[in-house]
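**Q** input.pdb is reproduced below (PDB, C-alpha atoms).
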```pdb
MODEL        1
ATOM      1  CA  MET A   1    -120.750 122.237  66.795  1.00  0.00           C
ATOM      2  CA  PRO A   2    -117.950 120.162  65.227  1.00  0.00           C
ATOM      3  CA  MET A   3    -115.519 122.097  63.055  1.00  0.00           C
ATOM      4  CA  THR A   4    -115.857 121.711  59.298  1.00  0.00           C
ATOM      5  CA  GLU A   5    -112.927 119.890  57.722  1.00  0.00           C
ATOM      6  CA  LEU A   6    -112.055 122.161  54.822  1.00  0.00           C
ATOM      7  CA  LEU A   7    -109.623 121.059  52.108  1.00  0.00           C
ATOM      8  CA  LEU A   8    -108.133 123.521  49.611  1.00  0.00           C
ATOM      9  CA  THR A   9    -106.399 122.106  46.533  1.00  0.00           C
ATOM     10  CA  LEU A  10    -103.999 123.973  44.225  1.00  0.00           C
ATOM     11  CA  ASP A  11    -103.043 122.823  40.738  1.00  0.00           C
ATOM     12  CA  CYS A  12    -100.580 125.059  38.879  1.00  0.00           C
ATOM     13  CA  SER A  13     -98.867 122.310  36.889  1.00  0.00           C
ATOM     14  CA  ASN A  14    -100.573 123.127  33.588  1.00  0.00           C
ATOM     15  CA  ARG A  15    -101.026 126.587  32.067  1.00  0.00           C
ATOM     16  CA  TRP A  16    -104.093 127.127  34.271  1.00  0.00           C
ATOM     17  CA  THR A  17    -104.333 127.936  37.971  1.00  0.00           C
ATOM     18  CA  CYS A  18    -106.974 125.590  39.386  1.00  0.00           C
ATOM     19  CA  LEU A  19    -108.381 125.919  42.902  1.00  0.00           C
ATOM     20  CA  GLY A  20    -110.828 123.522  44.531  1.00  0.00           C
ATOM     21  CA  LEU A  21    -112.591 123.236  47.881  1.00  0.00           C
ATOM     22  CA  VAL A  22    -114.008 120.206  49.672  1.00  0.00           C
ATOM     23  CA  ALA A  23    -115.940 120.620  52.934  1.00  0.00           C
ATOM     24  CA  ASP A  24    -116.531 117.459  54.958  1.00  0.00           C
ATOM     25  CA  GLY A  25    -116.153 115.303  51.852  1.00  0.00           C
ATOM     26  CA  GLN A  26    -118.415 117.348  49.572  1.00  0.00           C
ATOM     27  CA  ALA A  27    -117.272 119.596  46.704  1.00  0.00           C
ATOM     28  CA  ALA A  28    -117.717 123.156  47.970  1.00  0.00           C
ATOM     29  CA  GLY A  29    -116.277 125.377  45.240  1.00  0.00           C
ATOM     30  CA  ALA A  30    -113.861 125.485  42.327  1.00  0.00           C
ATOM     31  CA  GLU A  31    -112.246 127.981  39.997  1.00  0.00           C
ATOM     32  CA  SER A  32    -109.858 127.757  37.048  1.00  0.00           C
ATOM     33  CA  LEU A  33    -107.980 130.897  36.005  1.00  0.00           C
ATOM     34  CA  ASP A  34    -105.556 131.712  33.204  1.00  0.00           C
ATOM     35  CA  LEU A  35    -103.226 134.013  35.159  1.00  0.00           C
ATOM     36  CA  GLY A  36    -100.220 133.745  32.861  1.00  0.00           C
ATOM     37  CA  ARG A  37     -97.081 135.429  34.202  1.00  0.00           C
ATOM     38  CA  ALA A  38     -99.078 136.986  37.050  1.00  0.00           C
ATOM     39  CA  GLN A  39     -99.665 133.556  38.622  1.00  0.00           C
ATOM     40  CA  ALA A  40     -97.293 134.006  41.576  1.00  0.00           C
ATOM     41  CA  ALA A  41     -98.659 137.447  42.447  1.00  0.00           C
ATOM     42  CA  GLU A  42    -102.328 136.623  41.895  1.00  0.00           C
ATOM     43  CA  LEU A  43    -102.488 133.152  43.482  1.00  0.00           C
ATOM     44  CA  PRO A  44    -103.024 134.343  47.109  1.00  0.00           C
ATOM     45  CA  LEU A  45    -105.720 136.773  45.951  1.00  0.00           C
ATOM     46  CA  ALA A  46    -107.438 134.037  43.935  1.00  0.00           C
ATOM     47  CA  VAL A  47    -107.444 131.702  46.952  1.00  0.00           C
ATOM     48  CA  ASP A  48    -108.850 134.420  49.207  1.00  0.00           C
ATOM     49  CA  GLY A  49    -111.537 135.239  46.643  1.00  0.00           C
ATOM     50  CA  LEU A  50    -112.642 131.615  46.242  1.00  0.00           C
ATOM     51  CA  LEU A  51    -112.837 131.115  50.005  1.00  0.00           C
ATOM     52  CA  ARG A  52    -114.848 134.305  50.564  1.00  0.00           C
ATOM     53  CA  GLN A  53    -117.189 133.454  47.709  1.00  0.00           C
ATOM     54  CA  HIS A  54    -118.200 130.276  49.543  1.00  0.00           C
ATOM     55  CA  GLY A  55    -118.331 131.704  53.053  1.00  0.00           C
ATOM     56  CA  PHE A  56    -114.903 130.635  54.297  1.00  0.00           C
ATOM     57  CA  GLY A  57    -111.686 132.323  55.339  1.00  0.00           C
ATOM     58  CA  VAL A  58    -108.063 131.220  55.119  1.00  0.00           C
ATOM     59  CA  ARG A  59    -108.068 130.210  58.794  1.00  0.00           C
ATOM     60  CA  ASP A  60    -110.885 127.724  58.089  1.00  0.00           C
ATOM     61  CA  ILE A  61    -108.546 125.529  56.018  1.00  0.00           C
ATOM     62  CA  THR A  62    -107.713 122.265  57.799  1.00  0.00           C
ATOM     63  CA  LEU A  63    -105.885 120.469  54.970  1.00  0.00           C
ATOM     64  CA  LEU A  64    -104.183 121.388  51.706  1.00  0.00           C
ATOM     65  CA  GLY A  65    -103.699 119.463  48.460  1.00  0.00           C
ATOM     66  CA  VAL A  66    -101.224 120.425  45.739  1.00  0.00           C
ATOM     67  CA  THR A  67    -100.050 118.916  42.472  1.00  0.00           C
ATOM     68  CA  VAL A  68     -96.316 118.169  42.585  1.00  0.00           C
ATOM     69  CA  GLY A  69     -95.835 117.366  38.891  1.00  0.00           C
ATOM     70  CA  PRO A  70     -95.011 116.494  36.290  1.00  0.00           C
ATOM     71  CA  GLY A  71     -95.801 119.559  34.227  1.00  0.00           C
ATOM     72  CA  TYR A  72     -94.817 123.201  33.943  1.00  0.00           C
ATOM     73  CA  PHE A  73     -91.645 123.690  35.966  1.00  0.00           C
ATOM     74  CA  THR A  74     -92.445 127.249  37.082  1.00  0.00           C
ATOM     75  CA  GLY A  75     -96.080 126.477  37.877  1.00  0.00           C
ATOM     76  CA  ILE A  76     -95.133 123.462  39.979  1.00  0.00           C
ATOM     77  CA  ARG A  77     -92.707 125.584  41.996  1.00  0.00           C
ATOM     78  CA  ILE A  78     -95.260 128.358  42.524  1.00  0.00           C
ATOM     79  CA  GLY A  79     -98.033 125.996  43.608  1.00  0.00           C
ATOM     80  CA  MET A  80     -95.822 123.985  45.941  1.00  0.00           C
ATOM     81  CA  ALA A  81     -94.171 127.042  47.484  1.00  0.00           C
ATOM     82  CA  TYR A  82     -97.489 128.696  48.230  1.00  0.00           C
ATOM     83  CA  ALA A  83     -99.053 125.471  49.553  1.00  0.00           C
ATOM     84  CA  ALA A  84     -96.064 124.801  51.815  1.00  0.00           C
ATOM     85  CA  ALA A  85     -95.982 128.383  53.145  1.00  0.00           C
ATOM     86  CA  LEU A  86     -99.727 128.382  53.810  1.00  0.00           C
ATOM     87  CA  ALA A  87     -99.568 124.967  55.486  1.00  0.00           C
ATOM     88  CA  PHE A  88     -96.723 126.118  57.751  1.00  0.00           C
ATOM     89  CA  ALA A  89     -98.633 129.278  58.686  1.00  0.00           C
ATOM     90  CA  LEU A  90    -101.834 127.375  59.485  1.00  0.00           C
ATOM     91  CA  GLY A  91    -100.150 124.359  61.076  1.00  0.00           C
ATOM     92  CA  VAL A  92    -101.840 121.897  58.689  1.00  0.00           C
ATOM     93  CA  SER A  93    -100.678 119.037  56.476  1.00  0.00           C
ATOM     94  CA  VAL A  94    -100.508 118.692  52.694  1.00  0.00           C
ATOM     95  CA  VAL A  95    -101.648 115.954  50.299  1.00  0.00           C
ATOM     96  CA  PRO A  96     -99.282 115.664  47.280  1.00  0.00           C
ATOM     97  CA  LEU A  97    -101.071 114.914  44.001  1.00  0.00           C
ATOM     98  CA  SER A  98     -99.975 113.723  40.578  1.00  0.00           C
ATOM     99  CA  SER A  99    -100.818 116.329  37.943  1.00  0.00           C
ATOM    100  CA  LEU A 100    -101.308 113.513  35.420  1.00  0.00           C
ATOM    101  CA  GLU A 101    -103.931 111.892  37.634  1.00  0.00           C
ATOM    102  CA  VAL A 102    -105.695 115.248  37.916  1.00  0.00           C
ATOM    103  CA  VAL A 103    -105.777 115.457  34.092  1.00  0.00           C
ATOM    104  CA  LEU A 104    -107.124 111.893  33.983  1.00  0.00           C
ATOM    105  CA  ARG A 105    -109.931 112.650  36.415  1.00  0.00           C
ATOM    106  CA  SER A 106    -110.918 115.747  34.470  1.00  0.00           C
ATOM    107  CA  PHE A 107    -112.535 113.450  31.874  1.00  0.00           C
ATOM    108  CA  PRO A 108    -115.880 111.648  32.370  1.00  0.00           C
ATOM    109  CA  GLY A 109    -115.518 107.881  32.446  1.00  0.00           C
ATOM    110  CA  TRP A 110    -111.849 108.080  33.452  1.00  0.00           C
ATOM    111  CA  GLN A 111    -112.148 104.773  35.302  1.00  0.00           C
ATOM    112  CA  ASP A 112    -113.415 102.837  32.269  1.00  0.00           C
ATOM    113  CA  GLY A 113    -111.046 101.151  29.825  1.00  0.00           C
ATOM    114  CA  VAL A 114    -107.530 102.353  29.059  1.00  0.00           C
ATOM    115  CA  LYS A 115    -106.918 106.084  29.501  1.00  0.00           C
ATOM    116  CA  VAL A 116    -103.656 107.939  28.862  1.00  0.00           C
ATOM    117  CA  PRO A 117    -103.357 111.397  30.459  1.00  0.00           C
ATOM    118  CA  LEU A 118    -100.808 113.694  28.783  1.00  0.00           C
ATOM    119  CA  ILE A 119     -99.055 116.946  29.707  1.00  0.00           C
ATOM    120  CA  ALA A 120     -96.826 118.803  27.246  1.00  0.00           C
ATOM    121  CA  ALA A 121     -93.093 118.328  27.827  1.00  0.00           C
ATOM    122  CA  SER A 122     -90.625 118.948  24.983  1.00  0.00           C
ATOM    123  CA  ARG A 123     -91.495 119.430  21.304  1.00  0.00           C
ATOM    124  CA  ASP A 124     -91.054 115.695  20.724  1.00  0.00           C
ATOM    125  CA  ALA A 125     -92.375 114.263  23.985  1.00  0.00           C
ATOM    126  CA  ALA A 126     -95.105 114.459  26.602  1.00  0.00           C
ATOM    127  CA  PHE A 127     -95.374 113.431  30.207  1.00  0.00           C
ATOM    128  CA  SER A 128     -97.714 110.453  30.339  1.00  0.00           C
ATOM    129  CA  SER A 129     -99.019 107.562  32.372  1.00  0.00           C
ATOM    130  CA  VAL A 130    -101.421 104.743  31.500  1.00  0.00           C
ATOM    131  CA  TRP A 131    -104.510 103.778  33.485  1.00  0.00           C
ATOM    132  CA  LYS A 132    -106.664 100.698  32.983  1.00  0.00           C
ATOM    133  CA  ASP A 133    -110.102 100.459  34.597  1.00  0.00           C
ATOM    134  CA  GLY A 134    -109.155 103.066  37.185  1.00  0.00           C
ATOM    135  CA  HIS A 135    -105.780 101.556  38.108  1.00  0.00           C
ATOM    136  CA  GLN A 136    -102.356 102.724  36.985  1.00  0.00           C
ATOM    137  CA  ALA A 137    -100.907 100.318  34.410  1.00  0.00           C
ATOM    138  CA  ALA A 138     -97.750 102.192  33.343  1.00  0.00           C
ATOM    139  CA  ALA A 139     -95.549 104.571  35.291  1.00  0.00           C
ATOM    140  CA  GLU A 140     -95.360 108.314  34.805  1.00  0.00           C
ATOM    141  CA  LYS A 141     -92.636 109.099  32.322  1.00  0.00           C
ATOM    142  CA  GLU A 142     -91.590 111.554  29.625  1.00  0.00           C
ATOM    143  CA  ARG A 143     -92.217 109.718  26.330  1.00  0.00           C
ATOM    144  CA  THR A 144     -92.236 110.509  22.638  1.00  0.00           C
ATOM    145  CA  ARG A 145     -95.416 109.581  20.788  1.00  0.00           C
ATOM    146  CA  GLU A 146     -93.654 106.501  19.405  1.00  0.00           C
ATOM    147  CA  GLU A 147     -92.426 105.443  22.858  1.00  0.00           C
ATOM    148  CA  LEU A 148     -95.910 105.884  24.281  1.00  0.00           C
ATOM    149  CA  PHE A 149     -97.518 103.743  21.600  1.00  0.00           C
ATOM    150  CA  ALA A 150     -94.848 101.080  22.136  1.00  0.00           C
ATOM    151  CA  ALA A 151     -95.704 100.993  25.852  1.00  0.00           C
ATOM    152  CA  LEU A 152     -99.407 100.752  25.051  1.00  0.00           C
ATOM    153  CA  ARG A 153     -98.901  97.715  22.796  1.00  0.00           C
ATOM    154  CA  GLY A 154     -98.220  95.656  25.890  1.00  0.00           C
ATOM    155  CA  ILE A 155    -101.408  96.857  27.579  1.00  0.00           C
ATOM    156  CA  SER A 156    -104.231  97.294  25.051  1.00  0.00           C
ATOM    157  CA  SER A 157    -104.910  98.102  21.420  1.00  0.00           C
ATOM    158  CA  GLU A 158    -107.828 100.313  22.450  1.00  0.00           C
ATOM    159  CA  PHE A 159    -107.119 103.437  24.479  1.00  0.00           C
ATOM    160  CA  THR A 160    -107.996 107.105  24.849  1.00  0.00           C
ATOM    161  CA  LEU A 161    -105.376 109.858  24.927  1.00  0.00           C
ATOM    162  CA  CYS A 162    -106.511 112.844  27.016  1.00  0.00           C
ATOM    163  CA  SER A 163    -104.955 116.215  27.721  1.00  0.00           C
ATOM    164  CA  VAL A 164    -105.509 119.857  28.544  1.00  0.00           C
ATOM    165  CA  LYS A 165    -105.465 122.028  25.411  1.00  0.00           C
ATOM    166  CA  ASP A 166    -101.850 123.063  24.809  1.00  0.00           C
ATOM    167  CA  ARG A 167    -100.269 123.955  21.471  1.00  0.00           C
ATOM    168  CA  ARG A 168     -96.950 122.613  22.773  1.00  0.00           C
ATOM    169  CA  LEU A 169     -98.251 119.052  23.117  1.00  0.00           C
ATOM    170  CA  PHE A 170     -96.341 116.890  20.603  1.00  0.00           C
ATOM    171  CA  ALA A 171     -95.601 120.099  18.690  1.00  0.00           C
ATOM    172  CA  ALA A 172     -92.984 118.353  16.548  1.00  0.00           C
ATOM    173  CA  SER A 173     -95.227 115.420  15.607  1.00  0.00           C
ATOM    174  CA  SER A 174     -99.006 115.004  15.869  1.00  0.00           C
ATOM    175  CA  CYS A 175    -101.877 115.355  18.332  1.00  0.00           C
ATOM    176  CA  GLU A 176    -104.121 113.133  16.230  1.00  0.00           C
ATOM    177  CA  GLY A 177    -106.488 111.108  18.385  1.00  0.00           C
ATOM    178  CA  VAL A 178    -106.073 113.192  21.557  1.00  0.00           C
ATOM    179  CA  LYS A 179    -109.237 114.236  23.404  1.00  0.00           C
ATOM    180  CA  PHE A 180    -108.918 117.687  24.969  1.00  0.00           C
ATOM    181  CA  THR A 181    -110.430 119.594  27.862  1.00  0.00           C
ATOM    182  CA  GLU A 182    -110.013 123.356  28.200  1.00  0.00           C
ATOM    183  CA  HIS A 183    -108.452 123.126  31.658  1.00  0.00           C
ATOM    184  CA  PRO A 184    -108.059 120.598  34.497  1.00  0.00           C
ATOM    185  CA  ASP A 185    -111.165 120.021  36.611  1.00  0.00           C
ATOM    186  CA  ALA A 186    -110.431 121.824  39.889  1.00  0.00           C
ATOM    187  CA  ALA A 187    -113.319 120.101  41.680  1.00  0.00           C
ATOM    188  CA  ALA A 188    -112.039 116.677  40.581  1.00  0.00           C
ATOM    189  CA  ALA A 189    -108.573 117.575  41.892  1.00  0.00           C
ATOM    190  CA  ALA A 190    -110.023 118.573  45.268  1.00  0.00           C
ATOM    191  CA  LEU A 191    -112.036 115.360  45.538  1.00  0.00           C
ATOM    192  CA  LEU A 192    -108.919 113.370  44.598  1.00  0.00           C
ATOM    193  CA  ALA A 193    -107.003 115.059  47.428  1.00  0.00           C
ATOM    194  CA  TRP A 194    -109.845 114.271  49.819  1.00  0.00           C
ATOM    195  CA  GLN A 195    -109.778 110.630  48.711  1.00  0.00           C
ATOM    196  CA  HIS A 196    -106.043 110.519  49.522  1.00  0.00           C
ATOM    197  CA  ARG A 197    -106.217 112.583  52.717  1.00  0.00           C
ATOM    198  CA  ASP A 198    -104.731 109.714  54.735  1.00  0.00           C
ATOM    199  CA  GLU A 199    -101.522 110.245  52.710  1.00  0.00           C
ATOM    200  CA  ARG A 200    -101.065 113.763  54.087  1.00  0.00           C
ATOM    201  CA  ILE A 201     -97.533 114.847  54.925  1.00  0.00           C
ATOM    202  CA  LYS A 202     -95.824 117.732  56.665  1.00  0.00           C
ATOM    203  CA  PRO A 203     -95.160 120.662  54.312  1.00  0.00           C
ATOM    204  CA  ASP A 204     -91.374 120.308  54.662  1.00  0.00           C
ATOM    205  CA  MET A 205     -91.668 116.812  53.149  1.00  0.00           C
ATOM    206  CA  LEU A 206     -93.123 118.059  49.850  1.00  0.00           C
ATOM    207  CA  ARG A 207     -91.022 117.061  46.839  1.00  0.00           C
ATOM    208  CA  ALA A 208     -91.604 117.959  43.207  1.00  0.00           C
ATOM    209  CA  ARG A 209     -92.009 115.246  40.580  1.00  0.00           C
ATOM    210  CA  TYR A 210     -90.402 116.884  37.557  1.00  0.00           C
ATOM    211  CA  LEU A 211     -89.483 113.630  35.726  1.00  0.00           C
ATOM    212  CA  ARG A 212     -86.449 115.532  34.395  1.00  0.00           C
ATOM    213  CA  GLU A 213     -83.557 117.446  35.877  1.00  0.00           C
ATOM    214  CA  PRO A 214     -84.439 121.135  36.403  1.00  0.00           C
ATOM    215  CA  GLY A 215     -82.431 123.394  34.121  1.00  0.00           C
ATOM    216  CA  LEU A 216     -81.654 120.711  31.517  1.00  0.00           C
ATOM    217  CA  GLY A 217     -83.278 120.966  28.135  1.00  0.00           C
ATOM    218  CA  ARG A 218     -86.346 123.026  27.347  1.00  0.00           C
ATOM    219  CA  SER A 219     -88.430 124.073  30.333  1.00  0.00           C
ATOM    220  CA  LEU A 220     -92.151 124.778  30.172  1.00  0.00           C
TER     221      LEU A 220
ENDMDL
END
```
Rewrite the coordinates I just gave you, this time as structure tokens.

**A**
Amino acid sequence: MPMTELLLTLDCSNRWTCLGLVADGQAAGAESLDLGRAQAAELPLAVDGLLRQHGFGVRDITLLGVTVGPGYFTGIRIGMAYAAALAFALGVSVVPLSSLEVVLRSFPGWQDGVKVPLIAASRDAAFSSVWKDGHQAAAEKERTREELFAALRGISSEFTLCSVKDRRLFAASSCEGVKFTEHPDAAAAALLAWQHRDERIKPDMLRARYLREPGLGRSL
């Protein structure tokens, strides 16, 4: 019998730890956990638990996906480090994912109209990108609310701001008009990685997308 192609995706770029499985192109399991400061210690156990729950083992993984940012600096490092180490151990490749695109795809109808995924950055700004009818219309960047609205004026007067619930989002201004989800959709992240599986790279080629210099300013 042909071997199942099993993809495991990790998203630690928001406050949540999100794990998703795709087997031969079909969603096969997902879990989102609020592990807090125990994320680094608990991540391997969470992965093992998800795999066992759906009848798989670590050695069944044939491809990994991981969000590389932007987002929480520590979470990005933890997710990427674990994904790279696991990929090296298994001899498999990794699909790098944008955490903003994962937020986008966590909302129904993400491909319709103008959608703006957000991730908390500083008190005055958020990481954002702009998507129009399923295609990226503005680059990922750290923007204040005013800068974001200025960028949107050149794209559309009608848009939807979307984010994971986070009290730090635009903490110094306003979250008025933002639609929230409790946590990123781990299954959507896994299916996104599967869609981009032809963009797989060797684990030593993984690079974080912080959109700011590590160690400068306030880190999340």

**Q** Using only C-alpha atoms, find the one residue out of A:Ala137, A:Ala171, A:Leu43, A:Ala23 that sits nearest to Met3 in chain A.

**A**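 The answer is A:Ala23, which sits nearest to Met3 in chain A.
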
**Q** Could you list, as JSON, numbers by chain, every residue matched by the PyMOL selection byres ((chain A and resi 84) around 9) in this structure?

**A** {"A": [64, 79, 80, 81, 82, 83, 85, 86, 87, 88, 89, 93, 94, 202, 203, 204, 206]}

**Q** Please write as a PyMOL selection string the full residue list that the PyMOL selection byres ((chain A and resi 127-133) around 9) yields on this file.

**A** chain A and resi 70-71+100-101+104+110-122+125-126+134-144+148+151-152+155-156+159+211

**Q** Restricting the calculation to only C-alpha atoms, which member of A:Ala189, A:Cys18, A:Val68, A:Ala150 is positioned closest to Ala46 in chain A?

**A**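 That would be A:Cys18, the residue with the smallest distance to Ala46 in chain A.
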
**Q** Using all atoms listed in the file, what residues lie at most 12 Å away from (-97.9, 124.2, 38.5) (file coordinates), given as number ranges by chain?

**A** A: 9-19, 34-36, 39-40, 43, 66-83, 97-100, 102, 119, 184, 208-210, 220

**Q** Of the residues A:Val103, A:Cys162, A:Ala172, A:Val95, which is the one nearest to Arg197 in chain A, using only C-alpha atoms?

**A**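 Ranked by minimum distance to Arg197 in chain A, first place goes to A:Val95.
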
**Q** To one decimal place, how far is CA of Glu5 in chain A from CA of Leu21 in chain A in Å?

**A** 10.4 Å

**Q** Enumerate, as an MDAnalysis selection string, the protein, DNA and RNA residues whose atoms approach (-114.4, 124.0, 45.9) to within 8 Å, taking into account all atoms listed in the file and the coordinate frame of the file.

**A** chainID A and resid 8 19:23 27:31 50 186:187 190

**Q** Take the residues that were just selected and, keeping C-alpha atoms, output them as a short mmCIF file (atom, residue, chain, number, x, y, z; two decimals), in the frame of the given file.

**A**
```cif
data_model
loop_
_atom_site.label_atom_id
_atom_site.label_comp_id
_atom_site.auth_asym_id
_atom_site.auth_seq_id
_atom_site.Cartn_x
_atom_site.Cartn_y
_atom_site.Cartn_z
CA LEU A 8 -108.13 123.52 49.61
CA LEU A 19 -108.38 125.92 42.90
CA GLY A 20 -110.83 123.52 44.53
CA LEU A 21 -112.59 123.24 47.88
CA VAL A 22 -114.01 120.21 49.67
CA ALA A 23 -115.94 120.62 52.93
CA ALA A 27 -117.27 119.60 46.70
CA ALA A 28 -117.72 123.16 47.97
CA GLY A 29 -116.28 125.38 45.24
CA ALA A 30 -113.86 125.48 42.33
CA GLU A 31 -112.25 127.98 40.00
CA LEU A 50 -112.64 131.62 46.24
CA ALA A 186 -110.43 121.82 39.89
CA ALA A 187 -113.32 120.10 41.68
CA ALA A 190 -110.02 118.57 45.27
#
```

**Q** So how far away is CA of Phe107 in chain A from CA of Asp185 in chain A, in Å?

**A**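 Interatomic distance, CA of Asp185 in chain A to CA of Phe107 in chain A: 8.2 Å.
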